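Below is my_file-v5.txt, holding compact mmCIF, C-alpha atoms and all ligand atoms.
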```txt
# COMPACT_ATOMS: atom_id res chain seq x y z
CA MET F 1 53.27 80.74 73.29
CA LYS F 2 53.40 80.16 69.55
CA ILE F 3 56.74 80.33 67.72
CA VAL F 4 57.12 80.25 63.96
CA THR F 5 60.55 78.91 63.00
CA ILE F 6 61.76 79.90 59.54
CA ILE F 7 64.51 77.78 57.97
CA GLY F 8 65.51 76.80 54.43
CA ALA F 9 69.24 76.10 54.04
CA ARG F 10 71.32 73.11 55.20
CA PRO F 11 73.08 74.71 58.18
CA GLN F 12 69.74 76.02 59.46
CA PHE F 13 68.29 72.51 59.68
CA ILE F 14 71.22 71.45 61.87
CA LYS F 15 70.92 74.54 64.08
CA ALA F 16 67.13 74.29 64.36
CA ALA F 17 67.36 70.60 65.30
CA SER F 18 68.93 71.56 68.65
CA VAL F 19 66.18 74.05 69.47
CA SER F 20 63.32 71.79 68.30
CA ARG F 21 64.73 69.02 70.48
CA ALA F 22 64.86 71.41 73.45
CA ILE F 23 61.24 72.44 72.80
CA CYS F 24 60.21 68.76 72.85
CA GLU F 25 62.11 68.20 76.11
CA TYR F 26 60.47 71.27 77.63
CA LYS F 27 57.02 69.98 76.63
CA ASN F 28 57.70 66.50 77.99
CA LYS F 29 59.18 67.74 81.24
CA THR F 30 56.44 70.15 82.14
CA GLY F 31 53.01 68.71 81.52
CA THR F 32 51.38 71.41 83.61
CA ASN F 33 53.50 74.25 82.24
CA PRO F 34 51.95 77.71 82.56
CA ARG F 35 53.45 78.70 79.18
CA PRO F 36 53.25 75.75 76.79
CA ILE F 37 55.22 76.26 73.56
CA THR F 38 53.94 75.40 70.09
CA GLU F 39 56.41 75.44 67.19
CA ILE F 40 55.27 75.91 63.60
CA ILE F 41 58.01 75.34 60.99
CA ILE F 42 58.21 77.14 57.66
CA HIS F 43 60.73 75.68 55.19
CA THR F 44 61.34 78.29 52.50
CA GLY F 45 62.62 75.62 50.09
CA GLN F 46 65.92 77.43 49.52
CA HIS F 47 67.70 74.04 49.66
CA PHE F 48 65.65 71.26 48.13
CA ASP F 49 67.72 68.25 47.00
CA ALA F 50 67.07 65.24 49.23
CA ASP F 51 70.69 65.26 50.41
CA MET F 52 70.57 69.00 51.16
CA SER F 53 67.24 68.96 53.02
CA ASP F 54 65.17 65.78 53.64
CA VAL F 55 68.10 63.82 55.06
CA PHE F 56 68.45 66.29 57.95
CA PHE F 57 64.76 66.21 58.87
CA LYS F 58 64.82 62.40 58.89
CA GLU F 59 68.14 61.80 60.65
CA LEU F 60 67.95 64.62 63.17
CA ASP F 61 64.28 64.10 64.03
CA ILE F 62 63.29 67.64 63.13
CA PRO F 63 59.49 67.97 63.04
CA LYS F 64 58.12 67.94 59.48
CA PRO F 65 57.69 71.50 58.20
CA ASP F 66 54.12 72.80 58.37
CA TYR F 67 54.75 74.82 55.20
CA ASN F 68 57.20 74.51 52.30
CA LEU F 69 57.37 77.61 50.13
CA GLY F 70 59.44 76.10 47.29
CA VAL F 71 61.45 79.27 46.67
CA ASN F 72 64.98 78.64 45.35
CA SER F 73 67.49 78.84 42.51
CA THR F 74 67.10 82.48 41.63
CA SER F 75 68.79 85.83 42.25
CA HIS F 76 69.11 87.29 45.73
CA GLY F 77 66.42 89.93 45.23
CA ALA F 78 63.90 87.59 43.64
CA MET F 79 64.53 84.88 46.22
CA THR F 80 64.26 87.17 49.22
CA GLY F 81 61.23 88.99 47.77
CA ARG F 82 59.27 85.83 46.95
CA MET F 83 60.01 84.37 50.36
CA LEU F 84 58.98 87.62 52.05
CA GLU F 85 55.60 87.67 50.33
CA LYS F 86 54.81 84.04 51.10
CA ILE F 87 56.03 84.21 54.70
CA GLU F 88 53.91 87.31 55.33
CA GLU F 89 50.74 85.48 54.28
CA ILE F 90 51.48 82.63 56.68
CA LEU F 91 52.37 84.91 59.60
CA ILE F 92 49.10 86.80 59.16
CA ARG F 93 47.28 83.47 59.32
CA GLU F 94 49.28 81.96 62.19
CA GLN F 95 49.59 85.09 64.39
CA PRO F 96 52.65 83.85 66.30
CA ASP F 97 54.08 85.46 69.44
CA TRP F 98 57.63 85.13 68.05
CA VAL F 99 59.43 84.42 64.80
CA LEU F 100 62.66 82.46 65.16
CA VAL F 101 65.37 82.74 62.48
CA TYR F 102 68.89 81.30 62.21
CA GLY F 103 72.19 82.46 60.79
CA ASP F 104 72.62 84.63 57.74
CA THR F 105 70.98 83.27 54.59
CA ASN F 106 68.36 84.84 52.36
CA THR F 107 65.83 82.77 54.30
CA THR F 108 66.95 84.49 57.53
CA LEU F 109 66.50 87.99 56.16
CA ALA F 110 63.16 87.26 54.48
CA GLY F 111 61.80 85.71 57.68
CA ALA F 112 62.96 88.57 59.91
CA LEU F 113 61.70 91.26 57.57
CA ALA F 114 58.29 89.67 57.08
CA ALA F 115 57.85 89.41 60.86
CA VAL F 116 59.03 92.83 61.92
CA LYS F 117 56.80 94.55 59.34
CA LEU F 118 53.86 92.84 61.01
CA HIS F 119 55.16 93.90 64.47
CA ILE F 120 55.92 90.32 65.38
CA PRO F 121 59.13 90.19 67.43
CA VAL F 122 62.07 88.34 65.91
CA ALA F 123 64.49 86.08 67.75
CA HIS F 124 67.79 85.63 65.93
CA VAL F 125 69.94 82.61 66.68
CA GLU F 126 73.64 83.09 65.85
CA ALA F 127 73.38 86.86 66.18
CA GLY F 128 76.36 89.21 66.20
CA LEU F 129 78.63 87.47 63.70
CA ARG F 130 80.56 89.80 61.43
CA SER F 131 83.10 89.35 58.62
CA TYR F 132 83.17 93.10 57.95
CA ASN F 133 83.08 92.23 54.26
CA ARG F 134 79.92 93.69 52.77
CA GLN F 135 80.52 91.97 49.43
CA MET F 136 79.30 88.80 51.13
CA PRO F 137 75.54 88.32 50.81
CA GLU F 138 75.62 86.75 54.27
CA GLU F 139 77.07 89.90 55.86
CA ILE F 140 74.18 92.01 54.56
CA ASN F 141 71.69 89.41 55.76
CA ARG F 142 73.12 89.19 59.26
CA VAL F 143 73.62 92.91 59.83
CA LEU F 144 70.04 93.69 58.78
CA THR F 145 68.57 90.78 60.71
CA ASP F 146 70.40 91.73 63.90
CA HIS F 147 69.19 95.31 63.72
CA ILE F 148 65.52 94.35 63.37
CA SER F 149 65.57 91.53 65.92
CA THR F 150 64.24 91.86 69.43
CA ILE F 151 66.16 89.03 71.04
CA LEU F 152 69.66 88.32 69.81
CA PHE F 153 71.04 84.94 70.84
CA CYS F 154 74.83 85.11 70.55
CA PRO F 155 77.13 82.09 70.29
CA SER F 156 80.29 83.81 71.57
CA GLN F 157 81.56 86.79 73.54
CA ASN F 158 82.97 88.28 70.33
CA ALA F 159 79.47 88.26 68.84
CA VAL F 160 78.15 90.17 71.88
CA ASN F 161 80.99 92.68 71.54
CA ASN F 162 80.19 93.22 67.85
CA LEU F 163 76.57 94.03 68.67
CA GLN F 164 77.53 96.41 71.43
CA ALA F 165 79.93 98.18 69.05
CA GLU F 166 76.98 98.73 66.70
CA GLY F 167 74.89 100.22 69.46
CA ILE F 168 72.45 97.36 69.80
CA ALA F 169 71.18 97.61 73.34
CA ASN F 170 72.28 95.12 75.92
CA ALA F 171 69.83 93.49 78.28
CA SER F 172 71.67 94.95 81.22
CA SER F 173 71.00 98.59 80.35
CA SER F 174 68.01 100.81 81.00
CA THR F 175 64.93 102.30 79.33
CA GLN F 176 66.94 103.07 76.20
CA GLU F 177 66.25 99.46 75.29
CA LEU F 178 62.54 100.05 75.11
CA LYS F 179 62.94 102.86 72.63
CA ASN F 180 65.34 100.83 70.52
CA SER F 181 63.27 97.70 70.30
CA PRO F 182 62.06 97.02 66.77
CA ALA F 183 58.99 95.21 68.06
CA TYR F 184 56.86 97.47 70.19
CA ASN F 185 56.77 97.05 73.96
CA LEU F 186 59.65 94.60 74.24
CA PRO F 187 63.18 95.32 75.38
CA GLN F 188 65.82 94.52 72.79
CA THR F 189 67.90 91.84 74.47
CA VAL F 190 71.35 90.48 73.71
CA ALA F 191 71.91 87.08 75.29
CA LEU F 192 75.08 84.99 75.27
CA VAL F 193 73.71 81.44 75.10
CA GLY F 194 76.53 79.56 73.35
CA ASP F 195 76.41 77.82 70.02
CA VAL F 196 73.51 75.58 68.99
CA MET F 197 75.94 73.76 66.68
CA LEU F 198 77.87 72.61 69.73
CA ASP F 199 74.63 71.17 71.12
CA ALA F 200 74.21 69.30 67.82
CA ALA F 201 77.80 68.01 67.74
CA LEU F 202 77.64 66.74 71.33
CA TYR F 203 74.24 65.13 70.94
CA TYR F 204 74.49 63.53 67.51
CA LYS F 205 77.99 62.13 67.78
CA GLN F 206 76.53 59.06 69.48
CA TYR F 207 74.69 58.39 66.18
CA ALA F 208 77.69 58.98 63.83
CA LYS F 209 77.24 56.94 60.67
CA LYS F 210 79.86 55.50 58.29
CA PRO F 211 79.39 56.87 54.79
CA GLN F 212 78.69 54.49 51.88
CA PHE F 213 81.90 55.35 50.00
CA ASP F 214 85.41 53.92 50.64
CA LEU F 215 87.29 55.80 53.30
CA PRO F 216 91.12 55.99 53.32
CA GLN F 217 92.96 55.48 56.63
CA GLN F 218 94.05 59.11 56.68
CA PHE F 219 92.38 61.96 54.87
CA ILE F 220 91.56 65.65 54.84
CA LEU F 221 87.92 66.69 54.95
CA ALA F 222 87.16 69.63 52.65
CA THR F 223 84.10 71.61 51.54
CA ILE F 224 83.70 74.62 49.23
CA HIS F 225 80.51 76.44 48.38
CA ARG F 226 80.94 80.14 49.26
CA ALA F 227 79.85 82.48 46.45
CA GLU F 228 83.15 84.40 46.58
CA ASN F 229 85.03 81.17 45.76
CA THR F 230 82.65 79.49 43.34
CA GLU F 231 81.67 82.52 41.29
CA ASN F 232 85.28 83.62 40.90
CA THR F 233 86.96 81.18 38.52
CA GLU F 234 90.49 82.23 39.42
CA ARG F 235 89.93 81.66 43.13
CA LEU F 236 88.34 78.27 42.52
CA LYS F 237 91.14 77.16 40.18
CA SER F 238 93.72 78.27 42.72
CA ILE F 239 92.04 76.21 45.46
CA PHE F 240 91.97 73.20 43.16
CA ARG F 241 95.66 73.58 42.33
CA ALA F 242 96.36 73.47 46.08
CA PHE F 243 94.17 70.37 46.46
CA GLU F 244 96.03 68.70 43.59
CA LYS F 245 99.36 69.33 45.32
CA ILE F 246 98.13 68.20 48.75
CA CYS F 247 96.55 65.07 47.28
CA GLN F 248 99.99 63.80 46.33
CA GLU F 249 100.61 63.45 50.08
CA ILE F 250 97.22 62.66 51.59
CA PRO F 251 93.76 62.01 50.08
CA ILE F 252 91.09 64.70 50.31
CA ILE F 253 87.41 63.87 50.70
CA LEU F 254 85.24 66.66 49.30
CA PRO F 255 81.45 66.34 49.70
CA LEU F 256 80.23 68.65 46.98
CA HIS F 257 77.61 71.33 47.39
CA PRO F 258 75.40 71.31 44.23
CA ARG F 259 76.52 74.86 43.39
CA THR F 260 80.18 73.74 43.36
CA ARG F 261 79.51 70.48 41.51
CA LYS F 262 77.97 72.35 38.61
CA ILE F 263 80.85 74.82 38.34
CA ILE F 264 83.52 72.14 38.61
CA GLN F 265 81.86 70.25 35.78
CA ASP F 266 81.55 73.37 33.64
CA LEU F 267 85.21 74.30 34.19
CA LYS F 268 86.44 70.67 33.95
CA LEU F 269 88.55 71.32 37.04
CA LYS F 270 89.05 67.76 38.14
CA THR F 271 91.21 65.42 36.03
CA SER F 272 91.22 61.64 36.43
CA ASN F 273 94.83 61.46 37.73
CA PHE F 274 94.05 63.88 40.51
CA LYS F 275 93.41 61.88 43.72
CA LEU F 276 90.64 64.00 45.09
CA GLN F 277 87.58 62.05 46.21
CA LEU F 278 84.50 64.01 45.15
CA VAL F 279 81.35 62.70 46.80
CA GLU F 280 77.72 63.78 47.01
CA PRO F 281 76.72 65.94 50.00
CA VAL F 282 76.56 63.70 53.06
CA GLY F 283 74.05 63.72 55.91
CA TYR F 284 75.03 65.30 59.22
CA LEU F 285 75.57 61.92 60.94
CA GLU F 286 78.05 60.95 58.21
CA MET F 287 79.67 64.34 58.50
CA VAL F 288 80.24 63.71 62.20
CA TYR F 289 81.85 60.35 61.34
CA LEU F 290 84.20 62.09 58.89
CA LEU F 291 85.00 64.87 61.36
CA GLU F 292 85.95 62.31 64.00
CA ARG F 293 88.39 60.58 61.65
CA CYS F 294 89.92 63.26 59.43
CA GLY F 295 93.40 64.77 59.91
CA ILE F 296 92.44 68.37 59.31
CA VAL F 297 89.54 70.32 57.80
CA MET F 298 89.91 72.69 54.82
CA THR F 299 86.78 74.70 54.15
CA ASP F 300 85.05 77.96 53.34
CA SER F 301 82.00 76.91 55.38
CA GLY F 302 81.06 78.85 58.49
CA GLY F 303 79.63 75.88 60.38
CA LEU F 304 82.45 73.52 59.56
CA GLN F 305 85.11 75.85 61.01
CA LYS F 306 83.48 75.46 64.41
CA GLU F 307 82.80 71.76 64.02
CA SER F 308 86.45 71.15 63.30
CA TYR F 309 87.18 72.79 66.67
CA PHE F 310 84.41 70.80 68.42
CA PHE F 311 85.97 67.58 67.11
CA GLY F 312 89.53 68.64 67.96
CA LYS F 313 90.70 69.03 64.36
CA PRO F 314 92.79 71.93 63.02
CA CYS F 315 91.17 73.97 60.27
CA VAL F 316 92.41 75.91 57.24
CA THR F 317 89.78 78.43 56.15
CA LEU F 318 89.77 79.01 52.40
CA ARG F 319 88.62 82.60 52.68
CA ASP F 320 90.13 86.05 53.21
CA GLU F 321 88.51 86.54 56.61
CA THR F 322 86.38 84.69 59.13
CA GLU F 323 83.57 85.58 61.51
CA TRP F 324 84.88 83.01 64.00
CA VAL F 325 87.90 85.07 65.01
CA GLU F 326 88.37 83.39 68.40
CA LEU F 327 89.37 80.18 66.59
CA VAL F 328 92.16 82.02 64.79
CA GLU F 329 93.25 83.90 67.91
CA ASN F 330 93.63 80.58 69.73
CA GLY F 331 95.56 78.89 66.94
CA CYS F 332 92.84 76.36 66.01
CA ASN F 333 92.18 77.89 62.60
CA ASN F 334 94.29 79.59 59.95
CA VAL F 335 92.73 81.83 57.31
CA SER F 336 94.61 81.06 54.09
CA GLY F 337 92.78 82.99 51.40
CA THR F 338 92.88 81.15 48.08
CA ASP F 339 96.50 81.46 46.97
CA THR F 340 97.76 77.95 46.12
CA GLU F 341 101.09 78.17 47.93
CA ARG F 342 99.57 79.79 51.00
CA ILE F 343 96.96 77.05 51.26
CA TYR F 344 99.67 74.41 50.89
CA GLY F 345 101.81 76.12 53.54
CA TYR F 346 98.97 76.26 56.04
CA TYR F 347 98.06 72.63 55.33
CA LYS F 348 101.63 71.62 56.23
CA GLU F 349 101.63 73.77 59.35
CA MET F 350 98.24 72.57 60.61
CA MET F 351 99.06 68.88 60.05
CA MET F 352 102.04 69.23 62.44
CA LYS F 353 100.70 71.67 64.98
CA GLN F 354 99.83 70.79 68.60
CA ILE F 355 96.65 72.67 69.49
CA ASP F 356 94.73 73.07 72.72
CA PHE F 357 91.06 72.57 71.88
CA ASN F 358 89.78 72.76 75.47
CA LEU F 359 88.99 76.43 75.41
CA ASN F 360 85.26 76.68 76.10
CA LEU F 361 84.67 79.28 73.36
CA TYR F 362 81.05 78.47 72.54
CA GLY F 363 79.37 77.45 75.80
CA GLU F 364 78.64 74.00 77.17
CA GLY F 365 76.20 72.62 74.61
CA GLU F 366 73.15 74.02 76.40
CA ALA F 367 72.25 76.75 73.91
CA GLY F 368 68.99 75.13 72.76
CA ARG F 369 67.76 74.74 76.32
CA LYS F 370 68.66 78.36 77.15
CA ILE F 371 66.83 79.64 74.07
CA VAL F 372 63.72 77.67 75.00
CA SER F 373 63.87 78.89 78.58
CA PHE F 374 63.74 82.44 77.21
CA PHE F 375 60.47 81.69 75.40
CA SER F 376 58.98 80.32 78.58
CA LEU F 377 59.38 83.75 80.25
CA ARG F 378 56.77 86.48 80.35
CA PRO F 379 57.92 89.74 78.67
CA ASN F 380 58.22 91.49 82.02
CA ASP F 381 60.71 88.87 83.09
CA PHE F 382 63.07 89.15 80.11
CA LYS F 383 65.72 90.75 82.24
CA LYS F 384 65.84 87.57 84.30
CA PHE F 385 67.12 85.85 81.19
CA LYS F 386 70.63 86.93 82.02
CA GLU F 387 70.55 84.61 84.99
CA ILE F 388 69.36 81.53 83.12
C1 LIG I 401 73.29 79.43 50.85
C2 LIG I 401 73.54 80.67 51.72
C3 LIG I 401 74.90 80.57 52.38
C4 LIG I 401 75.06 79.26 53.13
C5 LIG I 401 74.73 78.10 52.23
C6 LIG I 401 74.73 76.83 53.03
C7 LIG I 401 72.49 82.76 50.91
C8 LIG I 401 72.74 84.04 50.26
N1 LIG I 401 73.52 81.88 50.91
O1 LIG I 401 74.26 79.45 49.82
O2 LIG I 401 75.04 81.63 53.31
O3 LIG I 401 76.39 79.17 53.58
O4 LIG I 401 73.42 78.27 51.66
O5 LIG I 401 74.92 75.71 52.25
O6 LIG I 401 71.42 82.53 51.42
N2 LIG I 401 71.12 74.16 44.78
C9 LIG I 401 70.71 72.95 44.33
N3 LIG I 401 70.14 72.11 45.23
C10 LIG I 401 69.95 72.43 46.54
C11 LIG I 401 70.39 73.69 46.97
C12 LIG I 401 70.98 74.55 46.09
O7 LIG I 401 70.84 72.60 43.15
O8 LIG I 401 69.41 71.61 47.31
C13 LIG I 401 71.67 75.12 43.82
C14 LIG I 401 70.66 76.23 43.56
O9 LIG I 401 69.82 75.88 42.50
C15 LIG I 401 71.51 77.44 43.24
C16 LIG I 401 72.83 77.12 43.95
O10 LIG I 401 72.81 75.77 44.36
O11 LIG I 401 71.72 77.52 41.88
C17 LIG I 401 73.07 78.02 45.14
O12 LIG I 401 72.01 77.90 46.09
P1 LIG I 401 71.63 79.10 47.07
O13 LIG I 401 70.65 78.63 48.07
O14 LIG I 401 71.27 80.28 46.27
O15 LIG I 401 73.00 79.50 47.74
P2 LIG I 401 74.05 78.60 48.52
O16 LIG I 401 75.35 78.65 47.80
O17 LIG I 401 73.48 77.27 48.79
N1 LIG I 402 77.35 69.49 56.19
C1 LIG I 402 76.75 68.26 56.00
N2 LIG I 402 77.02 67.58 54.84
C2 LIG I 402 77.86 68.07 53.89
C3 LIG I 402 78.46 69.33 54.10
C4 LIG I 402 78.18 70.02 55.27
O1 LIG I 402 76.01 67.77 56.84
O2 LIG I 402 78.04 67.41 52.86
C5 LIG I 402 77.04 70.21 57.43
C6 LIG I 402 78.25 70.65 58.21
O3 LIG I 402 78.74 69.60 59.02
C7 LIG I 402 77.69 71.83 58.99
C8 LIG I 402 76.74 72.45 58.02
O4 LIG I 402 76.40 71.42 57.08
O5 LIG I 402 76.97 71.38 60.12
C9 LIG I 402 77.40 73.59 57.32
O6 LIG I 402 76.66 73.97 56.23
P1 LIG I 402 77.27 74.76 55.00
O7 LIG I 402 78.74 74.57 54.92
O8 LIG I 402 76.46 74.37 53.83
O9 LIG I 402 76.89 76.27 55.36
P2 LIG I 402 77.56 77.40 56.24
O10 LIG I 402 77.80 76.87 57.60
O11 LIG I 402 78.81 77.84 55.55
O12 LIG I 402 76.55 78.50 56.20
```
As structure tokens - that is how I would like this structure written.
Amino acid sequence: MKIVTIIGARPQFIKAASVSRAICEYKNKTGTNPRPITEIIIHTGQHFDADMSDVFFKELDIPKPDYNLGVNSTSHGAMTGRMLEKIEEILIREQPDWVLVYGDTNTTLAGALAAVKLHIPVAHVEAGLRSYNRQMPEEINRVLTDHISTILFCPSQNAVNNLQAEGIANASSSTQELKNSPAYNLPQTVALVGDVMLDAALYYKQYAKKPQFDLPQQFILATIHRAENTENTERLKSIFRAFEKICQEIPIILPLHPRTRKIIQDLKLKTSNFKLQLVEPVGYLEMVYLLERCGIVMTDSGGLQKESYFFGKPCVTLRDETEWVELVENGCNNVSGTDTERIYGYYKEMMMKQIDFNLNLYGEGEAGRKIVSFFSLRPNDFKKFKEI
């Protein structure tokens, strides 16, 4: 069984770490396994700074990529197209049984498209997420990837429901699946496995690492990088006005995505009397340390919304909608948009609020193992996957 994993952006390294670790455990546990698994890793190069890429491979023990395509820093079409062409060449050479993609970036779509055109079945981790906002590049990437994938690994029941609403066959139903499958001869399968990011949070928290910079006793952890906030100057300025107001009460630590750093510098958004601590992107182990100690999280990141829940911290989402609706429904997360006063209001509310975080929304931290157990099945046994 040969799997080609295709990753390229920061959150994908963290997600893939859980599955690569489960593949290693599977190999170690079963020396005489009838279906040994080999993983080949393609890094598209979408993220390339040491603190956006290398640090995760080193700290999370992700196997070194077999290929690095060096495609980045260009428009969506050019980026996806160049990745597609290079991935296709490698897939023709490697002839894998499966291609494994994660999340919703340009890397995800390029990987899935390259595979399915060669009739190689695609497995999509974090399938079924929807914002229902097609202005987001991620929404286009995830909708298309889901529809051309053969196995869809969902992190939550809402994700499964979204796929069913779009008519993507469920593993439990009949021969219809065979007709619908984008890769010939395999049933299209929707599997609720839980969230690989929960696996990562549970496993790596034992290795949490104090960052190099000074840490206040109390602080808010914030991140911003989403295109809709960074490319729209008014939205970004409005977020910064809210940060300026909040900082008069409690410091904010903001590890800066390179995209945001550049725009903040260009717009001269941060003044010296504004007590916002801007730091370089931190590694995941440092991020875990910050998550454990912060008061609340304020972010437009997808991954961080869930991590704030995993670490029992309330979250204010600096967007107009979220894919992780169950967090909002259960009061763990508030979607503020980018209006200054609304952000400030939600910050106040979330700092005071008592929240129940023991909700079991994303599984038990076994998603990586469940995904690997799927690959150890023979195609005729896919239906058994429901019982794993
Ligand atoms: C991408 C994903 C987004 C994901 C995010 C995770 C798409 C469409 N977007 O957004 O879904 O949430 O990654 O962080 O795939 N840059 C650097 N150094 C780096 C990485 C990026 O300087 O290591 C710069 C690039 O040159 C580019 C900008 O940041 O100018 C944006 O990078 P890009 O990968 O296009 O999009 P992200 O905002 O990172
Ligand atoms: N992250 C990190 N260092 C940082 C910022 C984020 O390790 O400086 C981690 C974060 O904890 C989460 C993931 O990166 O696991 C989220 O990535 P990002 O916000 O870039 O992308 P998204 O999840 O929005 O696609």
Close residues to ligand LIG 401 (chain I) using only C-alpha atoms and all ligand atoms, limit 6 Å, as a list of chain:residue names: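 Listed by chain and ascending number, the contacts are F:Ala9, F:Arg10, F:Pro11, F:Gln46, F:His47, F:Phe48, F:Asp49, F:Met52, F:Ser73, F:Asp104, F:Thr105, F:Asn106, F:Pro137, F:Glu138, F:His225, F:Arg226, F:Pro258, F:Arg259.
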Around ligand LIG 402 (chain I), which protein and nucleic acid residues have at least one atom no more than 10 Å from it, if we count all atoms listed in the file? List them as an mmCIF file with C-alpha atoms, in the coordinates of the input.
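New file pocket_17.cif:
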```cif
data_model
loop_
_atom_site.group_PDB
_atom_site.id
_atom_site.type_symbol
_atom_site.label_atom_id
_atom_site.label_comp_id
_atom_site.auth_asym_id
_atom_site.auth_seq_id
_atom_site.Cartn_x
_atom_site.Cartn_y
_atom_site.Cartn_z
ATOM 1 C CA ALA F 9 69.240 76.100 54.040
ATOM 2 C CA ARG F 10 71.320 73.110 55.200
ATOM 3 C CA PRO F 11 73.080 74.710 58.180
ATOM 4 C CA GLN F 12 69.740 76.020 59.460
ATOM 5 C CA PHE F 13 68.290 72.510 59.680
ATOM 6 C CA ILE F 14 71.220 71.450 61.870
ATOM 7 C CA LYS F 15 70.920 74.540 64.080
ATOM 8 C CA HIS F 47 67.700 74.040 49.660
ATOM 9 C CA ASP F 51 70.690 65.260 50.410
ATOM 10 C CA MET F 52 70.570 69.000 51.160
ATOM 11 C CA SER F 53 67.240 68.960 53.020
ATOM 12 C CA VAL F 55 68.100 63.820 55.060
ATOM 13 C CA PHE F 56 68.450 66.290 57.950
ATOM 14 C CA GLY F 103 72.190 82.460 60.790
ATOM 15 C CA ASP F 104 72.620 84.630 57.740
ATOM 16 C CA THR F 105 70.980 83.270 54.590
ATOM 17 C CA GLU F 138 75.620 86.750 54.270
ATOM 18 C CA MET F 197 75.940 73.760 66.680
ATOM 19 C CA LEU F 198 77.870 72.610 69.730
ATOM 20 C CA ALA F 200 74.210 69.300 67.820
ATOM 21 C CA ALA F 201 77.800 68.010 67.740
ATOM 22 C CA LEU F 221 87.920 66.690 54.950
ATOM 23 C CA ALA F 222 87.160 69.630 52.650
ATOM 24 C CA THR F 223 84.100 71.610 51.540
ATOM 25 C CA ILE F 224 83.700 74.620 49.230
ATOM 26 C CA HIS F 225 80.510 76.440 48.380
ATOM 27 C CA ARG F 226 80.940 80.140 49.260
ATOM 28 C CA LEU F 254 85.240 66.660 49.300
ATOM 29 C CA PRO F 255 81.450 66.340 49.700
ATOM 30 C CA LEU F 256 80.230 68.650 46.980
ATOM 31 C CA HIS F 257 77.610 71.330 47.390
ATOM 32 C CA PRO F 258 75.400 71.310 44.230
ATOM 33 C CA VAL F 279 81.350 62.700 46.800
ATOM 34 C CA GLU F 280 77.720 63.780 47.010
ATOM 35 C CA PRO F 281 76.720 65.940 50.000
ATOM 36 C CA VAL F 282 76.560 63.700 53.060
ATOM 37 C CA GLY F 283 74.050 63.720 55.910
ATOM 38 C CA TYR F 284 75.030 65.300 59.220
ATOM 39 C CA LEU F 285 75.570 61.920 60.940
ATOM 40 C CA GLU F 286 78.050 60.950 58.210
ATOM 41 C CA MET F 287 79.670 64.340 58.500
ATOM 42 C CA VAL F 288 80.240 63.710 62.200
ATOM 43 C CA LEU F 290 84.200 62.090 58.890
ATOM 44 C CA LEU F 291 85.000 64.870 61.360
ATOM 45 C CA THR F 299 86.780 74.700 54.150
ATOM 46 C CA ASP F 300 85.050 77.960 53.340
ATOM 47 C CA SER F 301 82.000 76.910 55.380
ATOM 48 C CA GLY F 302 81.060 78.850 58.490
ATOM 49 C CA GLY F 303 79.630 75.880 60.380
ATOM 50 C CA LEU F 304 82.450 73.520 59.560
ATOM 51 C CA GLN F 305 85.110 75.850 61.010
ATOM 52 C CA LYS F 306 83.480 75.460 64.410
ATOM 53 C CA GLU F 307 82.800 71.760 64.020
ATOM 54 C CA SER F 308 86.450 71.150 63.300
#
```
Shortest interatomic distance to Arg142 in chain F - which of F:Glu94, F:Glu85, F:Glu349, F:Glu323, counting all atoms listed in the file: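 Residue with the minimum atom-to-atom distance to Arg142 in chain F: F:Glu323.
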Close residues, Ala110 in chain F itself excluded, 9 Å, all atoms listed in the file, min 6 positions apart in chain, as a list of chain:residue names: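 Residues meeting the cut-off are F:Met79, F:Thr80, F:Gly81, F:Arg82, F:Met83, F:Leu84, F:Glu85, F:Ile87, F:Asn141, F:Thr145.
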Which residue of F:Asn158, F:Thr317, F:Gln212, F:Ser376 approaches Met350 in chain F most closely, using all atoms listed in the file: F:Thr317
Straight-line distance linking CA of Met352 in chain F with CA of Ser131 in chain F, stated in Å to one decimal: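 Straight-line distance from CA of Met352 in chain F to CA of Ser131 in chain F works out to 27.9 Å.
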Nearest to Val196 in chain F, chosen from F:Lys237, F:His124, F:His43, F:His76, with all atoms listed in the file counted in the distances: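 For Val196 in chain F, the nearest of the candidates is F:His124.
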Of the listed residues F:Asn162, F:Thr340, F:Tyr204, F:Cys332, that which approaches Leu236 in chain F most closely, counting all atoms listed in the file: F:Thr340
Contact residues around Leu359 in chain F with all atoms listed in the file at 10 Å, ignoring same-chain residues under 5 positions, as number ranges by chain: F: 309, 326-327, 330
For CA of Trp98 in chain F and CA of Ala115 in chain F, the interatomic separation in Å (one decimal): 8.4 Å
Counting only C-alpha atoms, the residue of F:Asp320, F:Asp195, F:Asp266, F:Asp146 that sits nearest Asn133 in chain F: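 Counting only C-alpha atoms, the residue closest to Asn133 in chain F is F:Asp320.
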Two-atom distance - CA of Ser238 in chain F, CA of Lys268 in chain F (Å):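 Rounded to one decimal, the two atoms are 13.7 Å apart.
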Nearest to Phe311 in chain F by atom-to-atom distance, counting only C-alpha atoms, from F:Leu202, F:Leu361, F:Ile246, F:Gln354: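 Using only C-alpha atoms, Phe311 in chain F sits closest to F:Leu202.
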Name the residues in contact with range 345-348 of chain F at a cut-off of 9 Å, using only C-alpha atoms, excluding same-chain residues fewer than 5 positions from it; report them as a compact mmCIF listing (two decimals) with C-alpha atoms, in the frame of the given file.
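around_36.txt written:
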```
# COMPACT_ATOMS: atom_id res chain seq x y z
CA ILE F 246 98.13 68.20 48.75
CA ILE F 296 92.44 68.37 59.31
CA MET F 298 89.91 72.69 54.82
CA CYS F 315 91.17 73.97 60.27
CA VAL F 316 92.41 75.91 57.24
CA ASN F 334 94.29 79.59 59.95
CA VAL F 335 92.73 81.83 57.31
CA SER F 336 94.61 81.06 54.09
CA THR F 340 97.76 77.95 46.12
CA LYS F 353 100.70 71.67 64.98
```
